[in-house]
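Have a look at start09.txt; it's compact mmCIF, C-alpha atoms:
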# COMPACT_ATOMS: atom_id res chain seq x y z
CA MET A 16 -36.47 -65.93 -119.92
CA LEU A 17 -33.04 -67.53 -120.07
CA THR A 18 -34.32 -69.83 -122.80
CA ALA A 19 -35.30 -66.79 -124.88
CA ILE A 20 -31.86 -65.23 -124.44
CA ARG A 21 -30.23 -68.55 -125.17
CA GLU A 22 -32.28 -68.95 -128.34
CA SER A 23 -31.27 -65.47 -129.47
CA VAL A 24 -27.59 -66.21 -128.93
CA ALA A 25 -27.90 -69.60 -130.64
CA ASP A 26 -29.68 -67.91 -133.58
CA LEU A 27 -26.91 -65.35 -133.76
CA LEU A 28 -24.36 -68.12 -133.90
CA ALA A 29 -26.30 -69.93 -136.63
CA ASN A 30 -26.74 -66.70 -138.56
CA ILE A 31 -23.07 -65.85 -138.41
CA ASP A 32 -22.35 -69.35 -139.70
CA GLY A 33 -24.82 -68.77 -142.54
CA GLN A 34 -27.26 -71.44 -141.36
CA TYR A 35 -30.19 -69.30 -140.33
CA PRO A 36 -32.94 -68.83 -142.93
CA ARG A 37 -34.37 -65.58 -141.47
CA PRO A 38 -31.45 -63.22 -141.08
CA LEU A 39 -33.58 -60.04 -141.02
CA GLU A 40 -35.39 -61.12 -137.87
CA ILE A 41 -32.09 -61.85 -136.15
CA GLU A 42 -30.61 -58.61 -137.42
CA ALA A 43 -33.54 -56.70 -135.94
CA LEU A 44 -33.06 -58.38 -132.58
CA TRP A 45 -29.33 -57.82 -132.47
CA GLY A 46 -29.88 -54.33 -133.86
CA ARG A 47 -31.75 -53.56 -130.63
CA ILE A 48 -28.84 -54.96 -128.66
CA GLN A 49 -26.42 -52.78 -130.63
CA GLN A 50 -28.51 -49.77 -129.58
CA ASN A 51 -28.37 -50.88 -125.93
CA LYS A 52 -32.12 -51.60 -125.90
CA ILE A 53 -33.88 -54.65 -124.51
CA PRO A 54 -35.19 -56.82 -127.37
CA GLU A 55 -38.97 -57.17 -127.41
CA LYS A 56 -38.64 -60.93 -127.66
CA TRP A 57 -36.94 -60.95 -124.25
CA ARG A 58 -39.26 -58.40 -122.71
CA ARG A 59 -42.30 -60.55 -123.48
CA VAL A 60 -41.05 -63.31 -121.19
CA SER A 61 -39.04 -61.18 -118.80
CA PHE A 62 -39.50 -60.19 -115.19
CA GLN A 63 -41.26 -56.85 -114.89
CA THR A 64 -38.85 -53.98 -115.33
CA ALA A 65 -38.89 -50.26 -116.05
CA TYR A 66 -35.39 -50.38 -117.46
CA ASP A 67 -34.92 -49.49 -121.08
CA SER A 68 -31.17 -49.84 -121.19
CA LEU A 69 -29.87 -53.31 -121.97
CA ALA A 70 -26.86 -52.81 -119.69
CA ASP A 71 -29.08 -52.07 -116.66
CA TYR A 72 -31.24 -55.02 -117.57
CA ILE A 73 -28.31 -57.43 -117.86
CA VAL A 74 -26.89 -56.24 -114.52
CA GLU A 75 -30.30 -56.82 -112.90
CA LEU A 76 -30.58 -60.24 -114.54
CA GLY A 77 -27.10 -61.16 -113.31
CA LEU A 78 -27.96 -60.14 -109.75
CA LYS A 79 -31.16 -62.18 -109.86
CA LEU A 80 -29.29 -65.21 -111.21
CA ASP A 81 -26.65 -64.84 -108.47
CA PHE A 82 -29.41 -64.83 -105.86
CA TRP A 83 -31.01 -67.96 -107.28
CA ARG A 84 -27.65 -69.71 -107.52
CA MET A 85 -27.18 -68.92 -103.84
CA ILE A 86 -30.64 -70.34 -103.07
CA VAL A 87 -29.82 -73.53 -104.97
CA ALA A 88 -26.46 -73.79 -103.21
CA SER A 89 -28.15 -73.40 -99.81
CA ASP A 90 -29.80 -76.76 -100.53
CA GLY A 91 -33.13 -75.98 -98.90
CA LYS A 92 -31.63 -74.51 -95.72
CA ALA A 93 -32.97 -71.22 -94.40
CA ILE A 94 -31.06 -68.21 -95.68
CA PRO A 95 -30.54 -64.97 -93.70
CA SER A 96 -32.72 -62.85 -95.93
CA TYR A 97 -34.67 -63.12 -99.18
CA TRP A 98 -34.02 -60.51 -101.84
CA LEU A 99 -37.61 -59.69 -102.76
CA PRO A 100 -36.86 -58.15 -106.21
CA ALA A 101 -35.39 -61.49 -107.30
CA PHE A 102 -38.82 -63.07 -107.45
CA PHE A 103 -40.63 -63.13 -110.77
CA ASP A 104 -43.83 -62.43 -108.85
CA PRO A 105 -43.02 -61.10 -105.35
CA ARG A 106 -46.71 -61.18 -104.38
CA SER A 107 -46.77 -64.93 -104.99
CA PHE A 108 -43.79 -65.38 -102.67
CA LEU A 109 -45.61 -63.53 -99.88
CA THR A 110 -48.70 -65.65 -100.49
CA ALA A 111 -46.55 -68.78 -100.48
CA LEU A 112 -45.40 -67.92 -96.95
CA MET A 113 -49.02 -68.03 -95.81
CA GLN A 114 -49.61 -71.17 -97.85
CA ALA A 115 -46.71 -72.88 -96.11
CA ARG A 116 -48.16 -72.21 -92.68
CA ALA A 117 -51.68 -73.11 -93.79
CA ARG A 118 -50.45 -76.50 -94.99
CA TYR A 119 -48.27 -77.04 -91.93
CA GLU A 120 -51.12 -76.39 -89.52
CA GLU A 121 -53.86 -77.66 -91.83
CA ILE A 122 -55.89 -74.47 -91.55
CA PRO A 123 -57.47 -72.33 -94.29
CA MET A 124 -55.37 -69.54 -95.70
CA LYS A 125 -58.11 -67.00 -95.09
CA ASP A 126 -57.36 -67.29 -91.37
CA LEU A 127 -53.79 -66.11 -91.91
CA ARG A 128 -52.11 -62.89 -92.88
CA ASN A 129 -48.60 -61.52 -93.15
CA ASP A 130 -47.38 -59.06 -90.53
CA TYR A 131 -44.44 -56.81 -91.38
CA GLU A 132 -41.88 -55.39 -89.02
CA VAL A 133 -39.14 -53.02 -90.15
CA LEU A 134 -35.83 -53.89 -88.53
CA GLU A 135 -32.93 -51.58 -87.68
CA SER A 136 -30.30 -52.84 -90.10
CA ALA A 137 -29.74 -52.93 -93.84
CA SER A 138 -28.69 -56.56 -93.75
CA VAL A 139 -28.88 -59.56 -91.48
CA SER A 140 -26.37 -62.36 -91.11
CA GLU A 141 -28.60 -64.97 -89.49
CA PRO A 142 -31.87 -66.49 -90.71
CA CYS A 143 -34.97 -65.46 -88.81
CA LYS A 144 -35.23 -67.64 -85.69
CA GLU A 145 -38.98 -67.24 -85.36
CA LYS A 146 -41.21 -69.91 -86.80
CA HIS A 147 -43.19 -68.87 -89.90
CA ALA A 148 -41.14 -65.71 -90.35
CA VAL A 149 -38.49 -64.65 -92.85
CA HIS A 150 -36.40 -61.57 -93.54
CA LEU A 151 -36.83 -59.59 -96.75
CA HIS A 152 -34.51 -57.01 -98.26
CA GLY A 153 -34.13 -55.08 -101.50
CA LEU A 154 -36.66 -52.31 -100.89
CA ALA A 155 -36.02 -48.62 -101.54
CA LEU A 156 -38.10 -45.67 -100.43
CA GLU A 157 -39.02 -43.00 -102.95
CA GLY A 158 -40.20 -39.51 -102.05
CA ALA A 159 -39.21 -39.46 -98.39
CA ASP A 160 -36.43 -40.49 -96.05
CA TRP A 161 -36.31 -43.21 -93.41
CA ASN A 162 -35.15 -42.51 -89.88
CA TRP A 163 -33.32 -45.72 -89.05
CA GLU A 164 -33.11 -45.10 -85.31
CA ARG A 165 -36.71 -44.11 -84.69
CA LYS A 166 -38.16 -46.17 -87.57
CA LEU A 167 -40.11 -43.28 -89.03
CA VAL A 168 -40.87 -41.93 -92.47
CA VAL A 169 -39.41 -38.43 -92.41
CA GLU A 170 -38.86 -35.47 -94.71
CA THR A 171 -35.93 -36.07 -97.00
CA THR A 172 -32.89 -33.84 -96.94
CA LYS A 173 -31.00 -35.86 -99.54
CA SER A 174 -30.68 -35.08 -103.20
CA THR A 175 -31.22 -38.68 -104.23
CA ARG A 176 -34.57 -39.89 -105.50
CA PHE A 177 -34.42 -43.17 -103.60
CA VAL A 178 -33.17 -44.08 -100.14
CA ALA A 179 -32.26 -47.52 -98.90
CA PHE A 180 -34.79 -49.26 -96.69
CA PRO A 181 -33.97 -51.64 -93.83
CA VAL A 182 -34.60 -55.35 -93.74
CA VAL A 183 -38.24 -56.23 -93.14
CA LYS A 184 -39.34 -59.20 -91.10
CA VAL A 185 -42.47 -60.82 -92.48
CA ARG A 186 -44.32 -63.06 -90.09
CA THR A 187 -47.36 -65.19 -90.96
CA VAL A 188 -49.86 -64.93 -88.14
CA HIS A 189 -53.39 -66.04 -87.33
CA LEU A 190 -55.90 -63.26 -87.96
CA GLY A 191 -57.35 -63.44 -84.45
CA LYS A 192 -54.01 -63.57 -82.67
CA ALA A 193 -52.49 -60.87 -84.85
CA SER A 194 -55.06 -58.22 -83.93
CA ALA A 195 -54.02 -58.47 -80.30
CA ALA A 196 -50.34 -58.39 -81.17
CA THR A 197 -50.46 -55.62 -83.77
CA PRO A 198 -48.08 -52.98 -82.52
CA LEU A 199 -48.77 -49.29 -82.43
CA GLU A 200 -52.31 -48.69 -83.52
CA SER A 201 -52.67 -44.94 -83.74
CA SER A 202 -55.95 -43.28 -82.88
CA GLN A 203 -55.04 -40.05 -84.65
CA GLY A 204 -55.82 -39.08 -88.18
CA PRO A 205 -58.54 -40.14 -90.61
CA ASN A 206 -56.38 -42.93 -91.96
CA ALA A 207 -56.22 -44.56 -88.57
CA LYS A 208 -59.97 -44.29 -88.05
CA LYS A 209 -60.63 -46.13 -91.27
CA LYS A 210 -58.24 -48.88 -90.33
CA LYS A 211 -59.98 -49.48 -87.03
CA LYS A 212 -63.18 -50.41 -88.82
CA LYS A 213 -61.61 -52.91 -91.13
CA GLN A 214 -58.05 -54.11 -91.48
CA PRO A 215 -57.31 -55.73 -94.82
CA ALA A 216 -54.68 -58.41 -95.03
CA GLY A 217 -51.15 -57.10 -95.31
CA ASP A 218 -52.10 -53.82 -93.67
CA GLN A 219 -50.49 -54.25 -90.32
CA GLY A 220 -48.10 -52.26 -88.20
CA THR A 221 -44.44 -52.37 -89.08
CA GLY A 222 -42.89 -50.55 -86.16
CA ALA A 223 -41.84 -52.16 -82.95
CA GLU A 224 -41.31 -49.34 -80.48
CA ALA A 225 -43.89 -46.88 -79.16
CA VAL A 226 -43.28 -43.31 -80.31
CA PRO A 227 -45.70 -40.67 -78.98
CA GLY A 228 -47.92 -39.05 -81.64
CA VAL A 229 -47.04 -41.64 -84.21
CA GLN A 230 -49.37 -42.34 -87.10
CA LYS A 231 -49.42 -44.98 -89.77
CA PHE A 232 -48.80 -44.35 -93.43
CA ARG A 233 -50.09 -47.13 -95.63
CA CYS A 234 -47.15 -47.29 -97.98
CA PRO A 235 -47.58 -49.21 -101.24
CA VAL A 236 -44.81 -51.48 -102.48
CA TYR A 237 -44.34 -51.37 -106.24
CA ARG A 238 -42.13 -53.52 -108.39
CA THR A 239 -40.68 -50.79 -110.58
CA THR A 240 -40.60 -47.03 -111.01
CA SER A 241 -43.43 -47.47 -113.54
CA ARG A 242 -45.59 -48.29 -110.51
CA LEU A 243 -49.01 -49.24 -111.92
CA SER A 244 -48.32 -48.19 -115.51
CA THR A 245 -47.49 -51.74 -116.41
CA GLY A 246 -50.04 -52.49 -119.10
CA LEU A 247 -51.33 -55.44 -117.10
CA VAL A 248 -55.02 -56.25 -116.76
CA ALA A 249 -56.77 -54.59 -113.84
CA ALA A 250 -56.76 -57.62 -111.56
CA ASP A 251 -52.98 -57.88 -111.63
CA ASN A 252 -52.38 -54.18 -111.68
CA ALA A 253 -52.00 -53.57 -107.97
CA PRO A 254 -49.12 -52.93 -105.60
CA VAL A 255 -47.24 -55.98 -104.40
CA GLU A 256 -48.20 -55.17 -100.81
CA TYR A 257 -48.90 -52.32 -98.41
CA LEU A 258 -46.66 -51.72 -95.42
CA ARG A 259 -47.89 -49.56 -92.57
CA LEU A 260 -44.96 -47.32 -91.76
CA ASN A 261 -44.65 -45.10 -88.70
CA THR A 262 -44.64 -41.37 -89.20
CA LEU A 263 -45.06 -38.26 -87.09
CA GLU A 264 -46.56 -36.38 -90.05
CA ARG A 265 -50.11 -36.75 -91.29
CA PRO A 266 -50.24 -39.89 -93.47
CA GLU A 267 -51.97 -37.85 -96.20
CA THR A 268 -48.78 -35.82 -96.59
CA TRP A 269 -46.92 -38.87 -97.83
CA ALA A 270 -49.87 -40.17 -99.83
CA LYS A 271 -50.12 -36.87 -101.72
CA ARG A 272 -46.42 -36.98 -102.44
CA ALA A 273 -46.82 -40.51 -103.78
CA VAL A 274 -44.24 -41.89 -101.38
CA ALA A 275 -43.75 -45.57 -102.06
CA LEU A 276 -41.43 -48.49 -101.59
CA LEU A 277 -39.91 -49.87 -104.77
CA LEU A 278 -38.30 -53.17 -105.62
CA GLU A 279 -36.44 -51.75 -108.61
CA THR A 280 -34.91 -48.30 -108.78
CA ASP A 281 -33.17 -46.36 -111.49
CA ARG A 282 -29.60 -47.53 -111.44
CA ALA A 283 -28.22 -44.02 -111.93
CA ASP A 284 -29.85 -42.94 -108.66
CA GLU A 285 -28.40 -45.74 -106.55
CA MET B 9 -20.12 -59.48 -111.14
CA LEU B 10 -18.94 -56.49 -113.16
CA LYS B 11 -15.28 -57.28 -112.54
CA ASP B 12 -15.65 -60.73 -114.01
CA GLN B 13 -14.39 -60.84 -117.62
CA ASP B 14 -16.94 -63.51 -118.52
CA SER B 15 -19.87 -61.84 -116.80
CA LEU B 16 -23.04 -61.51 -118.86
CA LEU B 17 -22.70 -57.73 -118.96
CA ASN B 18 -19.11 -57.75 -120.20
CA LEU B 19 -19.93 -60.34 -122.84
CA PHE B 20 -22.88 -58.32 -124.10
CA ILE B 21 -20.81 -55.13 -124.19
CA ALA B 22 -18.13 -56.92 -126.20
CA LEU B 23 -20.81 -58.23 -128.56
CA GLN B 24 -22.31 -54.76 -129.01
CA LYS B 25 -18.94 -53.42 -130.10
CA LEU B 26 -18.30 -56.25 -132.52
CA LEU B 27 -21.76 -56.22 -134.04
CA ASN B 28 -21.18 -52.75 -135.41
CA ALA B 29 -18.68 -54.17 -137.85
CA SER B 30 -20.02 -57.66 -138.40
CA SER B 31 -22.35 -59.22 -140.96
CA LEU B 32 -25.25 -58.19 -138.73
CA ASP B 33 -24.54 -54.50 -139.24
CA LYS B 34 -27.84 -53.15 -140.55
CA THR B 35 -26.25 -50.53 -142.79
CA VAL B 36 -24.62 -53.15 -144.95
CA THR B 37 -27.60 -55.47 -144.87
CA HIS B 38 -30.09 -53.13 -146.45
CA GLY B 39 -27.89 -51.09 -148.75
CA GLY B 40 -27.25 -53.89 -151.24
CA LYS B 41 -23.54 -53.34 -150.77
CA ARG B 42 -22.89 -56.34 -148.66
CA TYR B 43 -20.29 -57.95 -150.88
CA ASP B 44 -20.14 -56.72 -154.47
CA HIS B 45 -19.54 -53.05 -153.87
CA ALA B 46 -16.87 -53.36 -151.27
CA THR B 47 -14.48 -55.92 -152.61
CA ASP B 48 -11.67 -53.41 -152.86
CA GLN B 49 -12.01 -52.30 -149.25
CA GLU B 50 -10.67 -53.74 -146.03
CA ILE B 51 -14.14 -53.80 -144.52
CA LEU B 52 -14.92 -57.30 -145.81
CA PRO B 53 -11.98 -59.18 -144.29
CA GLN B 54 -12.47 -57.15 -141.10
CA ARG B 55 -16.12 -58.17 -141.06
CA ASP B 56 -15.17 -61.81 -141.50
CA LEU B 57 -12.77 -61.47 -138.61
CA ASN B 58 -15.43 -59.84 -136.44
CA ASP B 59 -17.93 -62.53 -137.39
CA LYS B 60 -15.52 -65.13 -136.04
CA LYS B 61 -15.10 -63.14 -132.83
CA VAL B 62 -18.88 -62.75 -132.50
CA ALA B 63 -19.24 -66.52 -132.90
CA GLN B 64 -16.60 -67.13 -130.23
CA LEU B 65 -18.26 -64.70 -127.86
CA ALA B 66 -21.66 -66.24 -128.53
CA GLN B 67 -20.22 -69.63 -127.58
CA VAL B 68 -18.93 -68.24 -124.28
CA LEU B 69 -22.28 -66.56 -123.70
CA LEU B 70 -24.10 -69.84 -124.25
CA LEU B 71 -21.81 -71.53 -121.74
CA GLN B 72 -22.49 -68.76 -119.23
CA LEU B 73 -26.24 -69.06 -119.71
CA ASP B 74 -26.05 -72.83 -119.29
CA ALA B 75 -23.96 -72.59 -116.13
Now that the file is in, can you turn its structure into structure tokens?
Amino acid sequence: MLTAIRESVADLLANIDGQYPRPLEIEALWGRIQQNKIPEKWRRVSFQTAYDSLADYIVELGLKLDFWRMIVASDGKAIPSYWLPAFFDPRSFLTALMQARARYEEIPMKDLRNDYEVLESASVSEPCKEKHAVHLHGLALEGADWNWERKLVVETTKSTRFVAFPVVKVRTVHLGKASAATPLESSQGPNAKKKKKKQPAGDQGTGAEAVPGVQKFRCPVYRTTSRLSTGLVAADNAPVEYLRLNTLERPETWAKRAVALLLETDRADE
Amino acid sequence: MLKDQDSLLNLFIALQKLLNASSLDKTVTHGGKRYDHATDQEILPQRDLNDKKVAQLAQVLLLQLDA
């Protein structure tokens, strides 16, 4: 990605100096930049984004680079929280967490899964003290609001399209052990009945405290506001993950409203 | 990041402004009036000047990308 941008800038420099033999190609690329559009050459190798504006894209790129500089500076030490949107493929990062434990304990990955727990705060200052667990941040909820105290998906009263979402603790657990430890399994609602029969990986409870009448909404996590309209082949065209969020409403209510967690929001709505 | 003069965003914004009056301006590229038809106007020396500025900015941008 950076190589492509670098090449474009180097080509521009060569073209300005009169060295470049294909000025029209360069003009087309920099013409896009003049119009505040992302050049196709960059988009082909870029992280997935719904942004069209070059300015939004550059800001996002800068934030991602800052995060990776911080990771490099941390020199392999645990950091308080991982900014999930920074990853080129967030799903791979979540799989890598399971891989790490599988290698550490020399067990097959199919015996492991990631459990998610929504915390109370928007940021954390300390790395996760639990073994095989990390904090994630950078999620935003679209279509509903989040009750930070009760950890519930609730009706939104705000005029904004997106609301900030707290830090999520992701913990890699053994499949057998996790079923006993899964918090808050609701017996109400058709959604809950289905889950009792079979629980796919990454479909675990995310709330910690017991709230009477609570149900689980299986909330998809998408990378961008384009959601699944990414043009990718079917196998890759799936949400990054599903988080089971507590709600007092029927889960279908949120599903019909297409409530989802997003890793990239429209900058104007932030 | 946005407050930084040499941030990627600020450098690209500066480039966008300069490109409008540089040799990469599409309107002069395709009209056949790049040099011969504008020798009596100030646009040519201004374009040369902007080309130099674009080159300088591109150098800074390369340094930023390499950092």
(Q) What are the residues of chain B lining chain A at 10 Å or less? Count only C-alpha atoms, and put the answer as a ChimeraX atom specification. (A) /B:9-10,15-18,20-21,23-28,30-34,37-38,56,58-60,62-67,69-75
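In this structure, CA of Asp126 (chain A) sits 25.8 Å away from CA of Val182 (chain A).
Note that CA of Lys231 (chain A) and CA of Arg165 (chain A) are 13.7 Å apart.
CA of Ser96 (chain A) is positioned 13.8 Å from CA of Phe180 (chain A).
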Keeping C-alpha atoms, write region 50-70 of chain B of the structure just shown out as a short mmCIF file (atom, residue, chain, number, x, y, z; two decimals), in the first residue's frame.
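Dumped everything to out_12.cif:
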data_model
loop_
_atom_site.label_atom_id
_atom_site.label_comp_id
_atom_site.auth_asym_id
_atom_site.auth_seq_id
_atom_site.Cartn_x
_atom_site.Cartn_y
_atom_site.Cartn_z
CA GLU B 50 2.16 34.73 -16.90
CA ILE B 51 0.76 31.23 -16.60
CA LEU B 52 3.94 29.56 -17.88
CA PRO B 53 6.43 31.01 -15.39
CA GLN B 54 3.83 30.45 -12.65
CA ARG B 55 3.50 26.84 -13.75
CA ASP B 56 7.27 26.40 -13.65
CA LEU B 57 7.29 27.83 -10.16
CA ASN B 58 4.49 25.50 -9.06
CA ASP B 59 6.27 22.54 -10.63
CA LYS B 60 9.27 23.29 -8.43
CA LYS B 61 7.03 23.52 -5.37
CA VAL B 62 5.30 20.24 -6.31
CA ALA B 63 8.73 18.61 -6.60
CA GLN B 64 9.74 19.94 -3.19
CA LEU B 65 6.52 18.73 -1.63
CA ALA B 66 6.88 15.35 -3.29
CA GLN B 67 10.35 15.05 -1.73
CA VAL B 68 8.94 15.79 1.73
CA LEU B 69 6.13 13.32 1.09
CA LEU B 70 8.62 10.62 0.16
#
